[in-house]
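> Take this structure, written in structure tokens, and hold onto it; I'll ask about it next.
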Amino acid sequence: MNCTNCGKGLLKPSFIEGQFRSHTCTHCNGHWILIEDFAAWKERNPNFAFADNISFEADAKDTKKALICPVSGVIMRKFRISSATDHRIDYSAPVGGIWLDAGEWELLKEEGLAGTLNAVVTQQWQNQIREQSTKQNFSDIYADKFGADTYTKVKELRTWLNAQPQKADLRAYLMAEDPYSAEK
């Protein structure tokens with residue numbers, strides 16, 4: 001198979017860290033992995049943990065262009081790996097294959113996601129990332145609007161208030177212009 005990313009190399013059979021099958025490009029060092037191979041390996045090695053001492057280059061490549069599946073010829077979808085990074089991996093749904101650019105395997109290990117590679121391409125995982133990203137965006141907006149110290153204090157107050165049994169009355173008290181006035 002020809003490399004889907006660089007178009008210059010060939011995808012040669014290999015193993016990622018000697019553990020599960022992949023095809024590695026002879027030119028750009030990207031990896032083509034079939035989810036079924038990864039899942040079968042995980043099933044046979046449920047307690048395997050990838051090493052924590054990761055040599056990771058911060059400039060891991062992230063192909064921005066759409067990639068074509070080397071097996072089916074269809075355009076692969078891009079999936080975010082976590083809410084902490086905008087990095088994306090490419091996935092071919094018809095084949096169940098994942099393309100990892102050079103350095104992306106190390107990024108997955110650094111993020112603690114190497115053992116859950118098959119979960120990253122599920123809708124549930126992507127929805128969770130979207131929800132986490134939305135929460136972080138709102139948090140950033142509030143921190144900018146209120147200032148970091150004020151935002152920290154108001155979050156603490158909110159947590160305390162929500163734990164109170166009479167929180168509705170406490171909110172009403174706080175929201176009243178003059179809580180001691182008989183007028184509305």
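Labels used: A, B, ... for chains in the order of the structure tokens, numbers from 1 for residues in each chain, and numbers from 1 for ligands as shown.
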Identify, on the basis of only C-alpha atoms, every residue whose closest approach to Thr85 (chain A) does not exceed 12 Å; exclude the query and any residue fewer than 3 positions from it along the same chain; express the result as an NGL selection string.
:A and (58 or 60 or 62 or 79-82 or 88-89 or 104 or 107-108 or 110-111 or 129-130 or 132-133)
> Could you write out the selected residues, including all heavy atoms, as a tab-separated table (two decimals), in the first residue's frame?

chain	number	residue	atom	x	y	z
A	58	ALA	N	7.55	17.80	20.91
A	58	ALA	CA	6.39	18.69	20.98
A	58	ALA	C	5.84	19.03	19.61
A	58	ALA	O	4.70	19.44	19.47
A	58	ALA	CB	6.75	19.96	21.73
A	60	ALA	N	4.89	17.15	17.15
A	60	ALA	CA	4.28	16.01	16.47
A	60	ALA	C	3.44	16.54	15.32
A	60	ALA	O	2.71	17.52	15.48
A	60	ALA	CB	3.42	15.21	17.43
A	62	ASP	N	0.55	17.00	12.66
A	62	ASP	CA	-0.89	16.84	12.61
A	62	ASP	C	-1.31	17.25	11.22
A	62	ASP	O	-1.32	18.43	10.88
A	62	ASP	CB	-1.57	17.70	13.67
A	62	ASP	CG	-3.08	17.47	13.73
A	62	ASP	OD1	-3.56	16.52	13.10
A	62	ASP	OD2	-3.76	18.25	14.41
A	79	PHE	N	-10.70	13.01	14.11
A	79	PHE	CA	-11.24	12.92	15.46
A	79	PHE	C	-10.25	13.55	16.44
A	79	PHE	O	-9.07	13.21	16.43
A	79	PHE	CB	-11.48	11.46	15.86
A	79	PHE	CG	-12.69	10.85	15.22
A	79	PHE	CD1	-12.60	10.22	13.99
A	79	PHE	CD2	-13.91	10.90	15.86
A	79	PHE	CE1	-13.71	9.66	13.41
A	79	PHE	CE2	-15.03	10.33	15.29
A	79	PHE	CZ	-14.94	9.70	14.05
A	80	ARG	N	-10.77	14.45	17.29
A	80	ARG	CA	-9.93	15.01	18.35
A	80	ARG	C	-9.62	13.91	19.36
A	80	ARG	O	-10.44	13.05	19.63
A	80	ARG	CB	-10.65	16.16	19.05
A	80	ARG	CG	-10.63	17.42	18.22
A	80	ARG	CD	-11.24	18.58	18.92
A	80	ARG	NE	-10.49	18.95	20.12
A	80	ARG	CZ	-10.90	19.87	20.97
A	80	ARG	NH1	-12.01	20.53	20.76
A	80	ARG	NH2	-10.19	20.15	22.03
A	81	ILE	N	-8.42	13.99	19.94
A	81	ILE	CA	-8.05	12.95	20.90
A	81	ILE	C	-8.41	13.33	22.32
A	81	ILE	O	-8.65	12.47	23.15
A	81	ILE	CB	-6.55	12.59	20.80
A	81	ILE	CG1	-5.66	13.79	21.06
A	81	ILE	CG2	-6.25	11.98	19.44
A	81	ILE	CD1	-4.19	13.45	21.19
A	82	SER	N	-8.46	14.64	22.61
A	82	SER	CA	-8.85	15.09	23.95
A	82	SER	C	-9.23	16.56	23.90
A	82	SER	O	-8.95	17.24	22.91
A	82	SER	CB	-7.72	14.87	24.96
A	82	SER	OG	-6.72	15.85	24.80
A	88	ARG	N	-5.67	16.03	16.08
A	88	ARG	CA	-6.67	15.09	15.55
A	88	ARG	C	-5.99	13.90	14.87
A	88	ARG	O	-4.92	14.04	14.31
A	88	ARG	CB	-7.56	15.80	14.54
A	88	ARG	CG	-8.33	16.96	15.15
A	88	ARG	CD	-9.05	17.77	14.08
A	88	ARG	NE	-9.58	19.00	14.63
A	88	ARG	CZ	-10.73	19.13	15.26
A	88	ARG	NH1	-11.49	18.08	15.42
A	88	ARG	NH2	-11.13	20.28	15.72
A	89	ILE	N	-6.67	12.76	14.97
A	89	ILE	CA	-6.22	11.58	14.24
A	89	ILE	C	-7.25	11.31	13.14
A	89	ILE	O	-8.39	11.75	13.21
A	89	ILE	CB	-6.04	10.35	15.15
A	89	ILE	CG1	-7.34	9.98	15.85
A	89	ILE	CG2	-4.93	10.58	16.14
A	89	ILE	CD1	-7.26	8.68	16.63
A	104	GLU	N	2.37	11.05	16.61
A	104	GLU	CA	1.05	11.01	17.24
A	104	GLU	C	0.91	9.85	18.22
A	104	GLU	O	0.18	9.96	19.22
A	104	GLU	CB	-0.06	10.94	16.18
A	104	GLU	CG	-0.30	12.28	15.52
A	104	GLU	CD	-1.41	12.27	14.50
A	104	GLU	OE1	-1.70	11.22	13.90
A	104	GLU	OE2	-2.00	13.35	14.30
A	107	LEU	N	2.24	11.16	21.34
A	107	LEU	CA	1.28	12.11	21.90
A	107	LEU	C	0.15	11.36	22.61
A	107	LEU	O	-0.25	11.74	23.72
A	107	LEU	CB	0.71	13.02	20.81
A	107	LEU	CG	-0.39	13.98	21.24
A	107	LEU	CD1	0.12	14.98	22.27
A	107	LEU	CD2	-0.97	14.71	20.04
A	108	LEU	N	-0.34	10.30	22.01
A	108	LEU	CA	-1.40	9.50	22.64
A	108	LEU	C	-0.90	8.92	23.97
A	108	LEU	O	-1.64	8.89	24.95
A	108	LEU	CB	-1.84	8.37	21.71
A	108	LEU	CG	-2.69	8.79	20.52
A	108	LEU	CD1	-2.81	7.65	19.52
A	108	LEU	CD2	-4.06	9.27	20.96
A	110	GLU	N	1.52	10.23	25.86
A	110	GLU	CA	1.66	11.35	26.79
A	110	GLU	C	0.32	11.76	27.38
A	110	GLU	O	0.22	12.08	28.56
A	110	GLU	CB	2.29	12.55	26.09
A	110	GLU	CG	2.48	13.74	27.02
A	110	GLU	CD	3.04	14.94	26.30
A	110	GLU	OE1	2.26	15.61	25.61
A	110	GLU	OE2	4.24	15.21	26.45
A	111	GLU	N	-0.72	11.71	26.58
A	111	GLU	CA	-2.07	12.07	27.03
A	111	GLU	C	-2.73	10.93	27.81
A	111	GLU	O	-3.84	11.09	28.29
A	111	GLU	CB	-2.94	12.45	25.83
A	111	GLU	CG	-2.50	13.69	25.09
A	111	GLU	CD	-2.87	14.97	25.81
A	111	GLU	OE1	-3.90	15.00	26.51
A	111	GLU	OE2	-2.12	15.95	25.68
A	129	ILE	N	-15.54	15.09	24.61
A	129	ILE	CA	-14.55	16.14	24.30
A	129	ILE	C	-15.26	17.46	24.02
A	129	ILE	O	-14.85	18.51	24.52
A	129	ILE	CB	-13.67	15.73	23.10
A	129	ILE	CG1	-12.73	14.60	23.49
A	129	ILE	CG2	-12.89	16.93	22.57
A	129	ILE	CD1	-11.95	14.02	22.34
A	130	ARG	N	-16.33	17.40	23.24
A	130	ARG	CA	-17.09	18.61	22.91
A	130	ARG	C	-17.64	19.26	24.18
A	130	ARG	O	-17.57	20.48	24.36
A	130	ARG	CB	-18.22	18.25	21.95
A	130	ARG	CG	-18.68	19.40	21.09
A	130	ARG	CD	-19.62	18.96	19.97
A	130	ARG	NE	-18.95	18.07	19.03
A	130	ARG	CZ	-19.28	16.80	18.82
A	130	ARG	NH1	-20.27	16.24	19.46
A	130	ARG	NH2	-18.62	16.05	17.97
A	132	GLN	N	-16.48	18.92	27.32
A	132	GLN	CA	-15.36	19.45	28.10
A	132	GLN	C	-14.84	20.75	27.49
A	132	GLN	O	-14.52	21.69	28.22
A	132	GLN	CB	-14.23	18.42	28.17
A	132	GLN	CG	-14.55	17.22	29.00
A	132	GLN	CD	-13.54	16.09	28.83
A	132	GLN	OE1	-12.71	16.11	27.92
A	132	GLN	NE2	-13.62	15.08	29.69
A	133	SER	N	-14.77	20.81	26.18
A	133	SER	CA	-14.30	22.02	25.50
A	133	SER	C	-15.26	23.19	25.74
A	133	SER	O	-14.82	24.32	25.96
A	133	SER	CB	-14.14	21.78	24.00
A	133	SER	OG	-13.12	20.86	23.75
> Just the residues within 9 Å of region 14-17 of chain A, please, counting only C-alpha atoms, with nothing from its chain fewer than 4 positions along; format it as a count of residues only.
6
> May I ask for the distance between CA of Leu67 (chain A) and CA of Ala114 (chain A), given in Å to one decimal place?
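The value is 21.6 Å.
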> Please determine, counting only C-alpha atoms, which residue among A:Leu100, A:Ala39, A:Val71, A:Ala49 has the shortest atom-to-atom distance to Asn5 (chain A).
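Residue with the minimum atom-to-atom distance to Asn5 (chain A): A:Leu100.
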> Mind checking which residues fall within 12 Å of Ala93 (chain A), counting only C-alpha atoms, ignoring those fewer than 5 positions away in the same chain, and posting them as JSON, numbers by chain?
{"A": [34, 35, 36, 68, 69, 71, 72, 73, 74, 75, 76, 77, 78, 79, 98, 99, 118, 121, 122, 123]}
> Check the DSSP output for the backbone and give back, as a ChimeraX atom specification, the residues of region 1-180 of chain A in strand (DSSP E).
/A:11-16,20-25,31-34,77-82,85-92,97-100
> Can you write just those residues out, N, CA and C atoms, as an mmCIF file, in the first residue's frame?

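Produced file part_30.cif, reproduced below:
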data_model
loop_
_atom_site.group_PDB
_atom_site.id
_atom_site.type_symbol
_atom_site.label_atom_id
_atom_site.label_comp_id
_atom_site.auth_asym_id
_atom_site.auth_seq_id
_atom_site.Cartn_x
_atom_site.Cartn_y
_atom_site.Cartn_z
ATOM 1 N N LEU A 11 3.557 1.540 2.810
ATOM 2 C CA LEU A 11 3.144 1.092 4.131
ATOM 3 C C LEU A 11 3.582 -0.358 4.297
ATOM 4 N N LYS A 12 4.588 -0.548 5.127
ATOM 5 C CA LYS A 12 5.171 -1.863 5.357
ATOM 6 C C LYS A 12 4.642 -2.443 6.669
ATOM 7 N N PRO A 13 4.347 -3.749 6.702
ATOM 8 C CA PRO A 13 3.889 -4.371 7.956
ATOM 9 C C PRO A 13 4.912 -4.160 9.069
ATOM 10 N N SER A 14 4.388 -3.815 10.254
ATOM 11 C CA SER A 14 5.253 -3.576 11.409
ATOM 12 C C SER A 14 4.443 -3.802 12.678
ATOM 13 N N PHE A 15 5.059 -3.502 13.797
ATOM 14 C CA PHE A 15 4.394 -3.567 15.099
ATOM 15 C C PHE A 15 4.696 -2.269 15.830
ATOM 16 N N ILE A 16 3.686 -1.707 16.503
ATOM 17 C CA ILE A 16 3.926 -0.530 17.334
ATOM 18 C C ILE A 16 4.431 -1.012 18.673
ATOM 19 N N PHE A 20 1.358 -4.513 18.860
ATOM 20 C CA PHE A 20 0.251 -4.823 17.960
ATOM 21 C C PHE A 20 0.588 -4.387 16.542
ATOM 22 N N ARG A 21 -0.088 -5.056 15.597
ATOM 23 C CA ARG A 21 0.220 -4.858 14.190
ATOM 24 C C ARG A 21 -0.159 -3.471 13.699
ATOM 25 N N SER A 22 0.645 -2.987 12.783
ATOM 26 C CA SER A 22 0.359 -1.754 12.064
ATOM 27 C C SER A 22 1.089 -1.837 10.731
ATOM 28 N N HIS A 23 0.959 -0.802 9.953
ATOM 29 C CA HIS A 23 1.755 -0.637 8.738
ATOM 30 C C HIS A 23 2.406 0.731 8.871
ATOM 31 N N THR A 24 3.719 0.781 8.735
ATOM 32 C CA THR A 24 4.466 2.024 8.924
ATOM 33 C C THR A 24 5.011 2.496 7.584
ATOM 34 N N CYS A 25 4.875 3.808 7.356
ATOM 35 C CA CYS A 25 5.361 4.396 6.110
ATOM 36 C C CYS A 25 6.887 4.422 6.109
ATOM 37 N N HIS A 31 1.694 5.746 10.862
ATOM 38 C CA HIS A 31 1.224 4.381 11.116
ATOM 39 C C HIS A 31 -0.220 4.221 10.671
ATOM 40 N N TRP A 32 -0.502 3.128 9.992
ATOM 41 C CA TRP A 32 -1.859 2.724 9.645
ATOM 42 C C TRP A 32 -2.201 1.552 10.551
ATOM 43 N N ILE A 33 -3.249 1.722 11.373
ATOM 44 C CA ILE A 33 -3.627 0.717 12.366
ATOM 45 C C ILE A 33 -5.072 0.324 12.146
ATOM 46 N N LEU A 34 -5.338 -0.952 12.133
ATOM 47 C CA LEU A 34 -6.721 -1.424 12.084
ATOM 48 C C LEU A 34 -7.217 -1.587 13.520
ATOM 49 N N ARG A 77 -12.282 10.660 8.327
ATOM 50 C CA ARG A 77 -12.743 11.689 9.266
ATOM 51 C C ARG A 77 -11.643 11.986 10.263
ATOM 52 N N LYS A 78 -11.635 13.223 10.746
ATOM 53 C CA LYS A 78 -10.663 13.624 11.760
ATOM 54 C C LYS A 78 -11.362 13.628 13.119
ATOM 55 N N PHE A 79 -10.704 13.011 14.107
ATOM 56 C CA PHE A 79 -11.241 12.925 15.461
ATOM 57 C C PHE A 79 -10.253 13.549 16.444
ATOM 58 N N ARG A 80 -10.767 14.446 17.291
ATOM 59 C CA ARG A 80 -9.928 15.008 18.354
ATOM 60 C C ARG A 80 -9.616 13.914 19.357
ATOM 61 N N ILE A 81 -8.416 13.986 19.937
ATOM 62 C CA ILE A 81 -8.045 12.953 20.897
ATOM 63 C C ILE A 81 -8.415 13.334 22.317
ATOM 64 N N SER A 82 -8.458 14.643 22.612
ATOM 65 C CA SER A 82 -8.848 15.088 23.950
ATOM 66 C C SER A 82 -9.232 16.561 23.900
ATOM 67 N N THR A 85 -6.107 19.170 23.838
ATOM 68 C CA THR A 85 -5.327 19.454 22.633
ATOM 69 C C THR A 85 -6.249 19.499 21.422
ATOM 70 N N ASP A 86 -5.873 20.279 20.435
ATOM 71 C CA ASP A 86 -6.637 20.329 19.186
ATOM 72 C C ASP A 86 -6.165 19.269 18.201
ATOM 73 N N HIS A 87 -5.200 18.473 18.603
ATOM 74 C CA HIS A 87 -4.627 17.454 17.727
ATOM 75 C C HIS A 87 -5.713 16.460 17.318
ATOM 76 N N ARG A 88 -5.671 16.025 16.076
ATOM 77 C CA ARG A 88 -6.667 15.091 15.551
ATOM 78 C C ARG A 88 -5.994 13.900 14.874
ATOM 79 N N ILE A 89 -6.672 12.758 14.973
ATOM 80 C CA ILE A 89 -6.217 11.583 14.237
ATOM 81 C C ILE A 89 -7.245 11.315 13.140
ATOM 82 N N ASP A 90 -6.811 10.595 12.116
ATOM 83 C CA ASP A 90 -7.671 10.320 10.962
ATOM 84 C C ASP A 90 -8.227 8.904 11.069
ATOM 85 N N TYR A 91 -9.518 8.774 10.744
ATOM 86 C CA TYR A 91 -10.201 7.493 10.903
ATOM 87 C C TYR A 91 -11.007 7.152 9.651
ATOM 88 N N SER A 92 -10.872 5.916 9.202
ATOM 89 C CA SER A 92 -11.650 5.405 8.080
ATOM 90 C C SER A 92 -12.717 4.471 8.622
ATOM 91 N N GLY A 97 -9.944 1.739 10.226
ATOM 92 C CA GLY A 97 -8.515 2.004 10.315
ATOM 93 C C GLY A 97 -8.221 3.410 10.791
ATOM 94 N N ILE A 98 -7.118 3.546 11.508
ATOM 95 C CA ILE A 98 -6.680 4.845 12.025
ATOM 96 C C ILE A 98 -5.323 5.169 11.437
ATOM 97 N N TRP A 99 -5.173 6.408 10.996
ATOM 98 C CA TRP A 99 -3.879 6.893 10.540
ATOM 99 C C TRP A 99 -3.283 7.761 11.636
ATOM 100 N N LEU A 100 -2.069 7.427 12.061
ATOM 101 C CA LEU A 100 -1.345 8.242 13.027
ATOM 102 C C LEU A 100 -0.136 8.842 12.329
#
> Find the distance between CA of Gln19 (chain A) and CA of Glu43 (chain A) and write it in Å to one decimal.
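So the two atoms, CA of Gln19 (chain A) and CA of Glu43 (chain A), lie 12.3 Å apart.
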> Quote the spacing between CA of Ala102 (chain A) and CA of Trp41 (chain A) in Å to one decimal place.
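Those two atoms sit 21.6 Å apart.
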> Let's see if you can do this: from backbone DSSP, list all helix (DSSP H, G or I) residues in chain A, as a ChimeraX atom specification.
/A:35-44,104-110,114-120,123-146,148-162,167-175
> Please identify all polymer residues within 9 Å of Phe50 (chain A), counting only C-alpha atoms, omitting same-chain residues fewer than 5 positions from it, and present them as a PDB file with C-alpha atoms, in the first residue's frame.

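The resulting file, selection-v7.pdb, is reproduced below:
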ATOM      1  CA  LYS A 109       0.909   7.950  25.247  1.00  0.00           C
ATOM      2  CA  GLY A 112      -2.631   8.623  28.609  1.00  0.00           C
ATOM      3  CA  ALA A 114      -2.627   4.855  23.999  1.00  0.00           C
ATOM      4  CA  GLY A 115      -4.528   2.099  25.779  1.00  0.00           C
TER       5      GLY A 115
END
> Which residue, A:Ala143, A:Thr4, A:Glu131, A:Glu177, has the smallest gap to Ala66 (chain A) when you use only C-alpha atoms?
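Of all the options, A:Thr4 lies closest to Ala66 (chain A).
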> Using only C-alpha atoms, which residues sit within 12 Å of Leu161 (chain A) once same-chain residues fewer than 5 positions away are excluded, as a list in words?
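Non-adjacent residues within range: Val154, Lys155, Glu156, Gln166, Lys167, Ala168, Asp169, Leu170, Arg171, Ala172, Tyr173 and Leu174 of chain A.
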> Include N, CA and C atoms and write out the residues we just selected as a PDB file, in the first residue's frame.

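Below you can see result.pdb, which holds the result:
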ATOM      1  N   VAL A 154     -16.198  33.369  43.237  1.00  0.00           N
ATOM      2  CA  VAL A 154     -17.602  33.152  42.898  1.00  0.00           C
ATOM      3  C   VAL A 154     -17.872  31.668  42.634  1.00  0.00           C
ATOM      4  N   LYS A 155     -16.896  30.926  42.127  1.00  0.00           N
ATOM      5  CA  LYS A 155     -17.059  29.476  41.960  1.00  0.00           C
ATOM      6  C   LYS A 155     -17.162  28.796  43.325  1.00  0.00           C
ATOM      7  N   GLU A 156     -16.327  29.232  44.267  1.00  0.00           N
ATOM      8  CA  GLU A 156     -16.389  28.669  45.619  1.00  0.00           C
ATOM      9  C   GLU A 156     -17.751  28.962  46.248  1.00  0.00           C
ATOM     10  N   GLN A 166     -31.308  25.158  51.959  1.00  0.00           N
ATOM     11  CA  GLN A 166     -32.242  26.244  51.638  1.00  0.00           C
ATOM     12  C   GLN A 166     -31.679  27.148  50.541  1.00  0.00           C
ATOM     13  N   LYS A 167     -31.106  26.538  49.526  1.00  0.00           N
ATOM     14  CA  LYS A 167     -30.415  27.321  48.499  1.00  0.00           C
ATOM     15  C   LYS A 167     -31.350  28.272  47.753  1.00  0.00           C
ATOM     16  N   ALA A 168     -32.601  27.916  47.546  1.00  0.00           N
ATOM     17  CA  ALA A 168     -33.532  28.812  46.843  1.00  0.00           C
ATOM     18  C   ALA A 168     -33.742  30.091  47.646  1.00  0.00           C
ATOM     19  N   ASP A 169     -33.918  29.957  48.954  1.00  0.00           N
ATOM     20  CA  ASP A 169     -34.107  31.142  49.804  1.00  0.00           C
ATOM     21  C   ASP A 169     -32.833  31.979  49.858  1.00  0.00           C
ATOM     22  N   LEU A 170     -31.690  31.319  49.901  1.00  0.00           N
ATOM     23  CA  LEU A 170     -30.419  32.043  49.916  1.00  0.00           C
ATOM     24  C   LEU A 170     -30.206  32.816  48.611  1.00  0.00           C
ATOM     25  N   ARG A 171     -30.567  32.210  47.488  1.00  0.00           N
ATOM     26  CA  ARG A 171     -30.469  32.909  46.199  1.00  0.00           C
ATOM     27  C   ARG A 171     -31.379  34.121  46.173  1.00  0.00           C
ATOM     28  N   ALA A 172     -32.600  33.948  46.673  1.00  0.00           N
ATOM     29  CA  ALA A 172     -33.550  35.064  46.703  1.00  0.00           C
ATOM     30  C   ALA A 172     -33.001  36.198  47.561  1.00  0.00           C
ATOM     31  N   TYR A 173     -32.426  35.861  48.686  1.00  0.00           N
ATOM     32  CA  TYR A 173     -31.827  36.859  49.568  1.00  0.00           C
ATOM     33  C   TYR A 173     -30.710  37.610  48.839  1.00  0.00           C
ATOM     34  N   LEU A 174     -29.840  36.864  48.174  1.00  0.00           N
ATOM     35  CA  LEU A 174     -28.721  37.490  47.463  1.00  0.00           C
ATOM     36  C   LEU A 174     -29.184  38.357  46.289  1.00  0.00           C
TER      37      LEU A 174
END
> Give me, as a list in words, all polymer residues having an atom no more than 8 Å from His27 (chain A), counting only C-alpha atoms and skipping those fewer than 3 positions away in the same chain.
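Counting only the stated atoms, we get Cys6, Lys8, Gly9 and Leu10 of chain A.
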> Of the candidates A:Ser83, A:Lys65, A:Pro179, A:Gly103, which shows the shortest atom-to-atom distance to Asn127 (chain A), using only C-alpha atoms?
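Closest to Asn127 (chain A), using only C-alpha atoms: A:Ser83.
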